[in-house]
$ cat entry14.cif   # mmCIF, C-alpha atoms (C1' of nucleotides)
data_target
loop_
_atom_site.label_atom_id
_atom_site.label_comp_id
_atom_site.auth_asym_id
_atom_site.auth_seq_id
_atom_site.Cartn_x
_atom_site.Cartn_y
_atom_site.Cartn_z
CA MET E 656 -60.95 64.60 -9.83
CA TYR E 657 -59.55 67.46 -11.74
CA PHE E 658 -59.18 71.23 -11.71
CA SER E 659 -59.40 73.19 -14.92
CA ALA E 660 -58.28 76.48 -16.30
CA LYS E 661 -61.95 77.28 -16.67
CA GLY E 662 -62.39 77.19 -12.92
CA GLU E 663 -59.31 79.32 -12.48
CA TYR E 664 -60.63 81.91 -14.90
CA GLY E 665 -63.97 81.80 -13.13
CA ILE E 666 -62.44 82.70 -9.80
CA MET E 667 -60.39 85.48 -11.35
CA ALA E 668 -63.49 86.88 -13.01
CA VAL E 669 -65.68 87.03 -9.91
CA LEU E 670 -62.76 88.43 -7.94
CA ASP E 671 -62.42 91.13 -10.55
CA LEU E 672 -66.12 91.88 -10.20
CA ALA E 673 -65.92 91.93 -6.42
CA LEU E 674 -63.07 94.42 -6.41
CA ALA E 675 -64.83 96.68 -8.91
CA ASN E 676 -67.45 97.28 -6.16
CA GLY E 677 -69.16 100.00 -8.14
CA GLU E 678 -72.74 100.50 -9.16
CA ALA E 679 -71.92 100.35 -12.83
CA PRO E 680 -71.70 96.88 -14.38
CA VAL E 681 -68.32 95.62 -15.57
CA GLN E 682 -67.94 94.58 -19.21
CA ALA E 683 -66.58 91.17 -20.09
CA LYS E 684 -64.07 92.85 -22.34
CA ALA E 685 -62.62 94.80 -19.43
CA ILE E 686 -62.28 91.67 -17.31
CA ALA E 687 -60.71 89.79 -20.18
CA GLU E 688 -58.07 92.45 -20.66
CA ARG E 689 -57.27 92.89 -17.00
CA GLN E 690 -57.04 89.17 -16.26
CA GLY E 691 -55.58 88.04 -19.56
CA ILE E 692 -58.44 85.74 -20.49
CA PRO E 693 -59.61 85.19 -24.10
CA LEU E 694 -62.84 87.19 -24.40
CA ARG E 695 -65.00 84.59 -26.12
CA PHE E 696 -63.88 81.97 -23.63
CA LEU E 697 -64.65 84.26 -20.72
CA GLU E 698 -68.13 84.83 -22.07
CA GLN E 699 -68.88 81.13 -21.75
CA ILE E 700 -67.61 81.12 -18.20
CA LEU E 701 -69.65 84.16 -17.23
CA SER E 702 -72.67 82.52 -18.82
CA ALA E 703 -72.21 79.50 -16.55
CA LEU E 704 -71.81 81.75 -13.54
CA ARG E 705 -75.00 83.55 -14.44
CA HIS E 706 -76.97 80.32 -14.80
CA ALA E 707 -75.72 79.34 -11.36
CA GLY E 708 -77.06 82.59 -9.96
CA LEU E 709 -73.67 83.94 -8.90
CA VAL E 710 -73.56 86.94 -11.22
CA GLU E 711 -76.18 89.12 -12.90
CA SER E 712 -75.91 90.67 -16.32
CA SER E 713 -77.41 93.53 -18.23
CA ARG E 714 -77.32 93.50 -22.00
CA GLY E 715 -76.92 96.16 -24.59
CA ALA E 716 -74.71 99.20 -24.62
CA HIS E 717 -73.25 100.03 -21.21
CA GLY E 718 -74.23 96.53 -20.13
CA GLY E 719 -72.01 94.15 -18.23
CA TYR E 720 -71.83 91.95 -15.19
CA ARG E 721 -72.04 92.36 -11.44
CA LEU E 722 -72.18 90.01 -8.48
CA ALA E 723 -75.63 88.66 -7.68
CA LYS E 724 -74.81 88.30 -3.98
CA PRO E 725 -72.52 89.97 -1.47
CA ALA E 726 -68.95 88.69 -1.68
CA ASP E 727 -69.07 86.93 1.68
CA LYS E 728 -71.99 84.83 0.49
CA ILE E 729 -70.14 83.46 -2.52
CA ARG E 730 -67.87 80.52 -1.79
CA VAL E 731 -64.98 79.48 -3.97
CA GLY E 732 -66.51 76.02 -4.19
CA ASP E 733 -69.67 77.52 -5.66
CA VAL E 734 -67.70 79.15 -8.43
CA ILE E 735 -65.73 76.01 -9.26
CA GLN E 736 -68.82 73.87 -9.29
CA ALA E 737 -70.74 76.34 -11.43
CA VAL E 738 -68.01 76.45 -14.03
CA ASP E 739 -66.58 72.93 -14.01
CA GLY E 740 -69.60 71.00 -12.84
CA PRO E 741 -69.47 68.56 -9.98
CA ILE E 742 -65.98 67.33 -9.28
CA ALA E 743 -65.76 63.80 -10.61
CA MET E 744 -63.79 60.74 -9.70
CA PRO E 745 -61.94 58.47 -12.13
CA THR E 746 -63.90 56.37 -14.60
CA ARG E 747 -62.75 53.01 -15.84
CA ARG E 748 -63.83 52.25 -19.36
CA GLY E 749 -64.88 48.61 -19.16
CA ASN E 750 -66.34 49.12 -15.74
CA GLY E 751 -68.35 47.04 -13.36
CA ASN E 752 -67.08 43.52 -13.00
CA GLY E 753 -68.52 43.63 -9.50
CA HIS E 754 -66.36 40.71 -8.45
CA HIS E 755 -66.44 40.73 -4.68
CA THR E 756 -62.72 40.07 -4.39
CA SER E 757 -62.19 43.45 -6.05
CA HIS E 758 -61.11 46.22 -3.74
CA GLY E 759 -62.96 48.87 -5.68
CA SER E 760 -65.15 49.86 -2.76
CA ILE E 761 -62.13 50.42 -0.53
CA VAL E 762 -60.68 52.85 -3.05
CA GLN E 763 -64.05 54.54 -3.40
CA GLY E 764 -63.88 55.23 0.30
CA VAL E 765 -60.51 56.92 -0.10
CA TRP E 766 -61.81 58.97 -3.01
CA LYS E 767 -64.80 60.09 -0.97
CA GLU E 768 -62.55 61.14 1.88
CA VAL E 769 -60.40 63.21 -0.45
CA LYS E 770 -63.37 64.73 -2.24
CA ASP E 771 -65.08 65.75 1.00
CA ASN E 772 -61.85 67.29 2.18
CA VAL E 773 -61.42 69.32 -1.00
CA LEU E 774 -65.01 70.47 -0.92
CA GLU E 775 -64.63 71.52 2.69
CA THR E 776 -61.52 73.53 1.87
CA LEU E 777 -63.17 75.14 -1.13
CA ASN E 778 -66.35 76.02 0.71
CA ARG E 779 -64.57 77.44 3.70
CA THR E 780 -63.10 80.21 1.57
CA THR E 781 -65.41 82.96 0.38
CA LEU E 782 -64.95 85.59 -2.26
CA ALA E 783 -64.66 88.17 0.53
CA ASP E 784 -61.61 86.28 1.84
CA LEU E 785 -60.01 86.44 -1.58
CA CYS E 786 -60.70 90.16 -1.76
CA ARG E 787 -58.90 90.60 1.51
CA ARG E 788 -55.92 88.63 0.23
CA ALA E 789 -55.86 90.63 -2.97
CA ARG E 790 -55.85 93.91 -1.06
CA ASP E 791 -53.10 92.67 1.27
CA LEU E 792 -51.05 91.64 -1.72
CA GLU E 793 -51.56 95.00 -3.37
CA GLU E 794 -50.55 96.76 -0.19
CA GLN E 795 -47.37 94.73 0.04
CA ARG E 796 -46.61 95.43 -3.58
CA ALA E 797 -47.03 99.16 -3.01
CA LEU E 798 -44.72 98.97 -0.02
CA MET E 799 -42.05 97.15 -1.99
CA TYR E 800 -42.23 99.77 -4.67
CA HIS E 801 -41.93 102.57 -2.19
CA ILE E 802 -38.53 101.41 -0.86
CA MET B 477 -55.50 68.46 -10.23
CA TYR B 478 -56.85 65.18 -11.29
CA PHE B 479 -57.29 61.58 -10.16
CA SER B 480 -56.99 58.78 -12.65
CA ALA B 481 -58.12 55.22 -13.07
CA LYS B 482 -54.44 54.34 -13.12
CA GLY B 483 -54.07 55.50 -9.55
CA GLU B 484 -57.16 53.60 -8.58
CA TYR B 485 -55.80 50.43 -10.13
CA GLY B 486 -52.50 51.01 -8.40
CA ILE B 487 -54.09 51.11 -4.97
CA MET B 488 -56.13 48.01 -5.70
CA ALA B 489 -53.00 46.20 -6.83
CA VAL B 490 -50.86 46.95 -3.79
CA LEU B 491 -53.81 46.18 -1.55
CA ASP B 492 -54.12 42.84 -3.28
CA LEU B 493 -50.43 42.24 -2.67
CA ALA B 494 -50.68 43.27 0.96
CA LEU B 495 -53.55 40.89 1.64
CA ALA B 496 -51.75 38.02 -0.07
CA ASN B 497 -49.22 38.26 2.79
CA GLY B 498 -47.48 35.06 1.72
CA GLU B 499 -43.87 34.29 0.96
CA ALA B 500 -44.63 33.39 -2.64
CA PRO B 501 -44.81 36.27 -5.13
CA VAL B 502 -48.17 37.11 -6.70
CA GLN B 503 -48.46 37.08 -10.49
CA ALA B 504 -49.80 40.09 -12.32
CA LYS B 505 -52.28 37.82 -14.04
CA ALA B 506 -53.79 36.78 -10.71
CA ILE B 507 -54.17 40.39 -9.59
CA ALA B 508 -55.67 41.37 -12.93
CA GLU B 509 -58.32 38.68 -12.67
CA ARG B 510 -59.18 39.31 -9.04
CA GLN B 511 -59.40 43.08 -9.41
CA GLY B 512 -60.80 43.21 -12.91
CA ILE B 513 -57.91 45.17 -14.40
CA PRO B 514 -56.68 44.67 -18.00
CA LEU B 515 -53.47 42.65 -17.66
CA ARG B 516 -51.26 44.63 -20.00
CA PHE B 517 -52.39 47.86 -18.41
CA LEU B 518 -51.71 46.50 -14.94
CA GLU B 519 -48.18 45.59 -16.02
CA GLN B 520 -47.43 49.23 -16.75
CA ILE B 521 -48.76 50.25 -13.38
CA LEU B 522 -46.74 47.62 -11.54
CA SER B 523 -43.70 48.76 -13.48
CA ALA B 524 -44.19 52.29 -12.18
CA LEU B 525 -44.65 51.00 -8.66
CA ARG B 526 -41.42 49.03 -8.97
CA HIS B 527 -39.46 52.03 -10.20
CA ALA B 528 -40.76 53.94 -7.20
CA GLY B 529 -39.45 51.23 -4.90
CA LEU B 530 -42.86 50.23 -3.58
CA VAL B 531 -42.95 46.69 -4.93
CA GLU B 532 -40.32 44.12 -5.87
CA SER B 533 -40.54 41.66 -8.70
CA SER B 534 -39.02 38.37 -9.71
CA ARG B 535 -39.09 37.30 -13.31
CA GLY B 536 -39.50 34.03 -15.05
CA ALA B 537 -41.68 31.07 -14.18
CA HIS B 538 -43.12 31.27 -10.66
CA GLY B 539 -42.19 34.91 -10.64
CA GLY B 540 -44.40 37.74 -9.57
CA TYR B 541 -44.64 40.76 -7.31
CA ARG B 542 -44.50 41.45 -3.60
CA LEU B 543 -44.38 44.53 -1.45
CA ALA B 544 -40.95 46.07 -0.99
CA LYS B 545 -41.83 47.47 2.42
CA PRO B 546 -44.18 46.59 5.26
CA ALA B 547 -47.74 47.73 4.63
CA ASP B 548 -47.69 50.38 7.35
CA LYS B 549 -44.73 52.05 5.66
CA ILE B 550 -46.52 52.51 2.34
CA ARG B 551 -48.78 55.54 2.17
CA VAL B 552 -51.65 55.89 -0.28
CA GLY B 553 -50.11 59.14 -1.45
CA ASP B 554 -46.92 57.30 -2.37
CA VAL B 555 -48.85 54.93 -4.59
CA ILE B 556 -50.79 57.70 -6.32
CA GLN B 557 -47.69 59.75 -6.89
CA ALA B 558 -45.73 56.78 -8.21
CA VAL B 559 -48.42 55.91 -10.73
CA ASP B 560 -49.84 59.29 -11.73
CA GLY B 561 -46.82 61.47 -11.15
CA PRO B 562 -46.96 64.64 -9.07
CA ILE B 563 -50.49 66.01 -8.84
CA ALA B 564 -50.65 69.02 -11.11
CA MET B 565 -52.70 72.18 -11.21
CA PRO B 566 -54.39 73.63 -14.29
CA THR B 567 -52.33 74.98 -17.15
CA ARG B 568 -53.49 77.81 -19.36
CA ARG B 569 -52.32 77.53 -22.91
CA GLY B 570 -51.35 81.09 -23.73
CA ASN B 571 -49.91 81.60 -20.26
CA GLY B 572 -47.97 84.31 -18.57
CA ASN B 573 -49.31 87.73 -19.30
CA GLY B 574 -47.93 88.70 -15.90
CA HIS B 575 -50.07 91.76 -15.83
CA HIS B 576 -50.09 92.85 -12.22
CA THR B 577 -53.83 93.50 -12.21
CA SER B 578 -54.30 89.80 -12.87
CA HIS B 579 -55.44 87.78 -9.88
CA GLY B 580 -53.55 84.70 -10.94
CA SER B 581 -51.43 84.58 -7.82
CA ILE B 582 -54.49 84.67 -5.58
CA VAL B 583 -55.89 81.63 -7.31
CA GLN B 584 -52.52 79.92 -7.08
CA GLY B 585 -52.76 80.32 -3.35
CA VAL B 586 -56.13 78.59 -3.31
CA TRP B 587 -54.77 75.78 -5.45
CA LYS B 588 -51.84 75.31 -3.11
CA GLU B 589 -54.14 75.12 -0.13
CA VAL B 590 -56.25 72.45 -1.79
CA LYS B 591 -53.25 70.51 -2.96
CA ASP B 592 -51.60 70.48 0.46
CA ASN B 593 -54.86 69.35 1.96
CA VAL B 594 -55.23 66.48 -0.47
CA LEU B 595 -51.64 65.40 0.02
CA GLU B 596 -52.12 65.46 3.76
CA THR B 597 -55.21 63.28 3.48
CA LEU B 598 -53.51 60.86 1.14
CA ASN B 599 -50.37 60.55 3.22
CA ARG B 600 -52.21 60.05 6.46
CA THR B 601 -53.65 56.78 5.21
CA THR B 602 -51.30 53.81 4.89
CA LEU B 603 -51.73 50.53 3.11
CA ALA B 604 -52.09 48.86 6.51
CA ASP B 605 -55.13 51.04 7.16
CA LEU B 606 -56.69 49.91 3.90
CA CYS B 607 -56.01 46.28 4.82
CA ARG B 608 -57.87 46.79 8.04
CA ARG B 609 -60.81 48.30 6.19
CA ALA B 610 -60.82 45.47 3.70
CA ARG B 611 -60.87 42.89 6.48
CA ASP B 612 -63.66 44.71 8.28
CA LEU B 613 -65.65 44.84 5.09
CA GLU B 614 -65.12 41.14 4.48
CA GLU B 615 -66.19 40.35 8.02
CA GLN B 616 -69.38 42.36 7.60
CA ARG B 617 -70.06 40.63 4.32
CA ALA B 618 -69.62 37.23 5.94
CA LEU B 619 -72.00 38.25 8.70
CA MET B 620 -74.61 39.42 6.24
CA TYR B 621 -74.36 36.13 4.42
CA HIS B 622 -74.73 34.14 7.63
CA ILE B 623 -78.14 35.61 8.45
"C1'" DT C 762 -34.90 23.95 -25.17
"C1'" DG C 763 -39.36 25.45 -24.01
"C1'" DT C 764 -42.51 27.66 -20.93
"C1'" DT C 765 -43.69 31.15 -17.90
"C1'" DT C 766 -43.39 35.51 -16.41
"C1'" DT C 767 -41.73 40.21 -16.11
"C1'" DC C 768 -40.09 44.20 -18.89
"C1'" DC C 769 -39.78 47.89 -22.48
"C1'" DT C 770 -41.53 50.67 -26.21
"C1'" DA C 771 -44.77 51.96 -29.51
"C1'" DT C 772 -49.24 52.67 -30.96
"C1'" DC C 773 -54.36 53.61 -31.14
"C1'" DG C 774 -59.13 55.27 -30.50
"C1'" DG C 775 -61.82 58.19 -28.17
"C1'" DA C 776 -62.78 61.72 -24.79
"C1'" DT C 777 -62.34 66.24 -23.49
"C1'" DC C 778 -60.16 70.55 -22.66
"C1'" DA C 779 -58.89 75.25 -24.13
"C1'" DG C 780 -60.00 78.20 -27.41
"C1'" DT C 781 -62.38 80.02 -31.80
"C1'" DA C 782 -66.31 81.35 -34.67
"C1'" DG C 783 -70.75 82.96 -36.37
"C1'" DG C 784 -74.59 85.02 -35.75
"C1'" DG C 785 -78.81 86.37 -32.97
"C1'" DA C 786 -81.02 89.17 -29.24
"C1'" DT C 787 -81.23 93.24 -26.39
"C1'" DT C 788 -80.35 97.86 -24.82
"C1'" DA C 789 -78.57 102.89 -24.95
"C1'" DG C 790 -77.89 106.97 -27.39
"C1'" DC C 791 -78.66 109.66 -31.32
"C1'" DG H 1060 -85.90 104.03 -36.25
"C1'" DC H 1061 -80.83 103.42 -36.87
"C1'" DT H 1062 -76.48 102.30 -35.15
"C1'" DA H 1063 -73.17 100.81 -31.96
"C1'" DA H 1064 -72.19 98.21 -28.00
"C1'" DT H 1065 -72.81 94.28 -25.39
"C1'" DC H 1066 -74.53 89.99 -23.88
"C1'" DC H 1067 -76.11 85.32 -25.48
"C1'" DC H 1068 -76.43 80.69 -27.71
"C1'" DT H 1069 -74.63 76.88 -30.40
"C1'" DA H 1070 -71.46 74.70 -32.98
"C1'" DC H 1071 -66.86 73.67 -34.24
"C1'" DT H 1072 -61.64 72.76 -34.08
"C1'" DG H 1073 -57.14 71.46 -32.83
"C1'" DA H 1074 -54.33 69.49 -29.51
"C1'" DT H 1075 -53.56 66.70 -25.69
"C1'" DC H 1076 -53.69 62.70 -23.19
"C1'" DC H 1077 -56.07 58.86 -20.87
"C1'" DG H 1078 -57.17 54.14 -20.96
"C1'" DA H 1079 -56.04 50.33 -23.28
"C1'" DT H 1080 -53.80 47.17 -26.70
"C1'" DA H 1081 -49.78 45.04 -29.03
"C1'" DG H 1082 -45.27 43.06 -30.17
"C1'" DG H 1083 -41.62 41.27 -28.74
"C1'" DA H 1084 -37.10 41.11 -25.72
"C1'" DA H 1085 -35.04 39.42 -21.37
"C1'" DA H 1086 -34.85 36.45 -17.46
"C1'" DA H 1087 -35.77 32.45 -14.58
"C1'" DC H 1088 -37.15 27.80 -14.07
"C1'" DA H 1089 -37.87 22.83 -15.54
#
$ encode --input "entry14.cif" --output "structure tokens"
Amino acid sequence: MYFSAKGEYGIMAVLDLALANGEAPVQAKAIAERQGIPLRFLEQILSALRHAGLVESSRGAHGGYRLAKPADKIRVGDVIQAVDGPIAMPTRRGNGNGHHTSHGSIVQGVWKEVKDNVLETLNRTTLADLCRRARDLEEQRALMYHI
Amino acid sequence: MYFSAKGEYGIMAVLDLALANGEAPVQAKAIAERQGIPLRFLEQILSALRHAGLVESSRGAHGGYRLAKPADKIRVGDVIQAVDGPIAMPTRRGNGNGHHTSHGSIVQGVWKEVKDNVLETLNRTTLADLCRRARDLEEQRALMYHI
DNA sequence: TGTTTTCCTATCGGATCAGTAGGGATTAGC
DNA sequence: GCTAATCCCTACTGATCCGATAGGAAAACA
């Protein structure tokens, strides 16, 4: 199992879209600059998010991206899975001796437990939750600056 | 974050040791054959486990490995960490733009939540638990065969 | 001394990740 | 229409590192 920078960028991108909350679509270039993500790389990520039905796009001049669903209907797990694909467990190269003294199946059970747990954590948190956290953080930052 | 075949092998190895439960040390070669792990690769893993104080070794003829602690004092998380090192979160290459419109810190929070959750899961399960599961599985298998 | 076993370090091939590149398709404004 | 802006698709690259292999040194036993 493994978490990638791609997934991280994906979350930052949809969070950026969610906080834009305007009618006008947001350009990839704007997101890239705000979040510090290489533009061409971000395009691939947004493409994956679009194919997963999480964002919509309009092309041409004044085009851009917007969320395809309300923020509380988009789970963090959805974003990760859309961008990174299904979270995978380790692969041995010369696999499958199937010897019944091997404890492979025991370990598989542990992996499954961990995986389910991660998925549960990731799916419990929605984009709306992240928006709330972002606003709280911004508020705190403003307060700090004020003193 | 990422789970490796090395960690998987590590768990299988200590489980093999735990179920051997004899006074005599178990040779790496025997573990390798039973669990279907390349011998030289297993040696590296056992070395890591020894440095972490989870197994003891005796060299020379009739040498081998045994657990350094009782099975209920060894947590699965300890094994993983000993073999794979601390579980890490994604690293961007051109990192640190630190722009305060970036939502990097929000994502870090999500990562931390996931990581803590995984660690909790992994540390809740001890080697003794896995032994129990292995014995249950063996019993079931014997029953199946009997019919 | 010779055999068995652990121990240490180096190396390798292949997978894959993060990022780059080129060019095509589509839309808005003139 | 033409042009500029923007999304879209596919391929490529360079680095990293995982899984595995290899050679040989050190220690214990007979």
$ resolve_selection --input "entry14.cif" --expression "the PyMOL selection byres ((chain E) within 7 of (chain H))" --output "list of chain:residue names"
E:Arg714, E:Gly715, E:Ala716, E:Gly718
$ write_last_selection --input "entry14.cif" --atoms "C-alpha atoms" --output "CSV table (one decimal), keeping the file's coordinate frame"
chain,number,residue,atom,x,y,z
E,714,ARG,CA,-77.3,93.5,-22.0
E,715,GLY,CA,-76.9,96.2,-24.6
E,716,ALA,CA,-74.7,99.2,-24.6
E,718,GLY,CA,-74.2,96.5,-20.1
$ closest_atom_pairs --input "entry14.cif" --of "chain B" --to "chain C" --cutoff "12 Å" --atoms "all atoms listed in the file" --output "JSON lines"
{"residue": "B:Pro501", "atom": "CA", "partner": "C:DT766", "partner_atom": "C1'", "distance": 11.4}
{"residue": "B:Val502", "atom": "CA", "partner": "C:DT766", "partner_atom": "C1'", "distance": 10.9}
{"residue": "B:Gln503", "atom": "CA", "partner": "C:DT766", "partner_atom": "C1'", "distance": 8.0}
{"residue": "B:Ala504", "atom": "CA", "partner": "C:DT766", "partner_atom": "C1'", "distance": 8.9}
{"residue": "B:Lys505", "atom": "CA", "partner": "C:DT766", "partner_atom": "C1'", "distance": 9.5}
{"residue": "B:Ala506", "atom": "CA", "partner": "C:DT766", "partner_atom": "C1'", "distance": 11.9}
{"residue": "B:Arg516", "atom": "CA", "partner": "C:DT767", "partner_atom": "C1'", "distance": 11.2}
{"residue": "B:Leu518", "atom": "CA", "partner": "C:DT767", "partner_atom": "C1'", "distance": 11.9}
{"residue": "B:Glu519", "atom": "CA", "partner": "C:DT767", "partner_atom": "C1'", "distance": 8.4}
{"residue": "B:Gln520", "atom": "CA", "partner": "C:DC768", "partner_atom": "C1'", "distance": 9.2}
{"residue": "B:Ile521", "atom": "CA", "partner": "C:DC768", "partner_atom": "C1'", "distance": 11.9}
{"residue": "B:Leu522", "atom": "CA", "partner": "C:DT767", "partner_atom": "C1'", "distance": 10.0}
{"residue": "B:Ser523", "atom": "CA", "partner": "C:DC768", "partner_atom": "C1'", "distance": 7.9}
{"residue": "B:Ala524", "atom": "CA", "partner": "C:DC768", "partner_atom": "C1'", "distance": 11.3}
{"residue": "B:Arg526", "atom": "CA", "partner": "C:DC768", "partner_atom": "C1'", "distance": 11.1}
{"residue": "B:His527", "atom": "CA", "partner": "C:DC768", "partner_atom": "C1'", "distance": 11.7}
{"residue": "B:Glu532", "atom": "CA", "partner": "C:DT767", "partner_atom": "C1'", "distance": 11.1}
{"residue": "B:Ser533", "atom": "CA", "partner": "C:DT767", "partner_atom": "C1'", "distance": 7.6}
{"residue": "B:Ser534", "atom": "CA", "partner": "C:DT767", "partner_atom": "C1'", "distance": 7.2}
{"residue": "B:Arg535", "atom": "CA", "partner": "C:DT767", "partner_atom": "C1'", "distance": 4.8}
{"residue": "B:Gly536", "atom": "CA", "partner": "C:DT766", "partner_atom": "C1'", "distance": 4.4}
{"residue": "B:Ala537", "atom": "CA", "partner": "C:DT765", "partner_atom": "C1'", "distance": 4.2}
{"residue": "B:His538", "atom": "CA", "partner": "C:DT766", "partner_atom": "C1'", "distance": 7.1}
{"residue": "B:Gly539", "atom": "CA", "partner": "C:DT766", "partner_atom": "C1'", "distance": 5.9}
{"residue": "B:Gly540", "atom": "CA", "partner": "C:DT766", "partner_atom": "C1'", "distance": 7.3}
{"residue": "B:Tyr541", "atom": "CA", "partner": "C:DT767", "partner_atom": "C1'", "distance": 9.3}
{"residue": "B:Pro566", "atom": "CA", "partner": "C:DC778", "partner_atom": "C1'", "distance": 10.6}
{"residue": "B:Thr567", "atom": "CA", "partner": "C:DA779", "partner_atom": "C1'", "distance": 9.6}
{"residue": "B:Arg568", "atom": "CA", "partner": "C:DA779", "partner_atom": "C1'", "distance": 7.6}
{"residue": "B:Arg569", "atom": "CA", "partner": "C:DA779", "partner_atom": "C1'", "distance": 7.1}
{"residue": "B:Gly570", "atom": "CA", "partner": "C:DA779", "partner_atom": "C1'", "distance": 9.5}
{"residue": "B:Asn571", "atom": "CA", "partner": "C:DA779", "partner_atom": "C1'", "distance": 11.7}
$ closest_residue --input "entry14.cif" --among "B:Ala496, B:Val586, B:Ile550, B:Leu619" --to "chain E" --atoms "all atoms listed in the file"
B:Val586
$ atom_distance --input "entry14.cif" --atom1 "atom CA of Leu491 of chain B" --atom2 "atom CA of His758 of chain E"
7.6 Å
$ resolve_selection --input "entry14.cif" --expression "the PyMOL selection byres ((chain E) within 7 of (chain B))" --output "list in words"
Met656, Tyr657, Phe658, Ser659, Ala660, Glu663, Met667, Arg689, Gln690, Gly691, Met744, Pro745, Thr746, Arg747, Asn752, Thr756, Ser757, His758, Gly759, Ile761, Val762, Val769, Val773, Thr776 and Ala789 of chain E
$ atom_distance --input "entry14.cif" --atom1 "atom CA of Val738 of chain E" --atom2 "atom CA of Val559 of chain B"
28.6 Å
$ resolve_selection --input "entry14.cif" --expression "the PyMOL selection byres ((chain E and resi 724) around 12)" --output "ChimeraX atom specification"
/E:669,672-673,676,704-705,707-711,721-723,725-730,781-783
$ atom_distance --input "entry14.cif" --atom1 "atom CA of Asn599 of chain B" --atom2 "atom CA of Gly553 of chain B"
4.9 Å
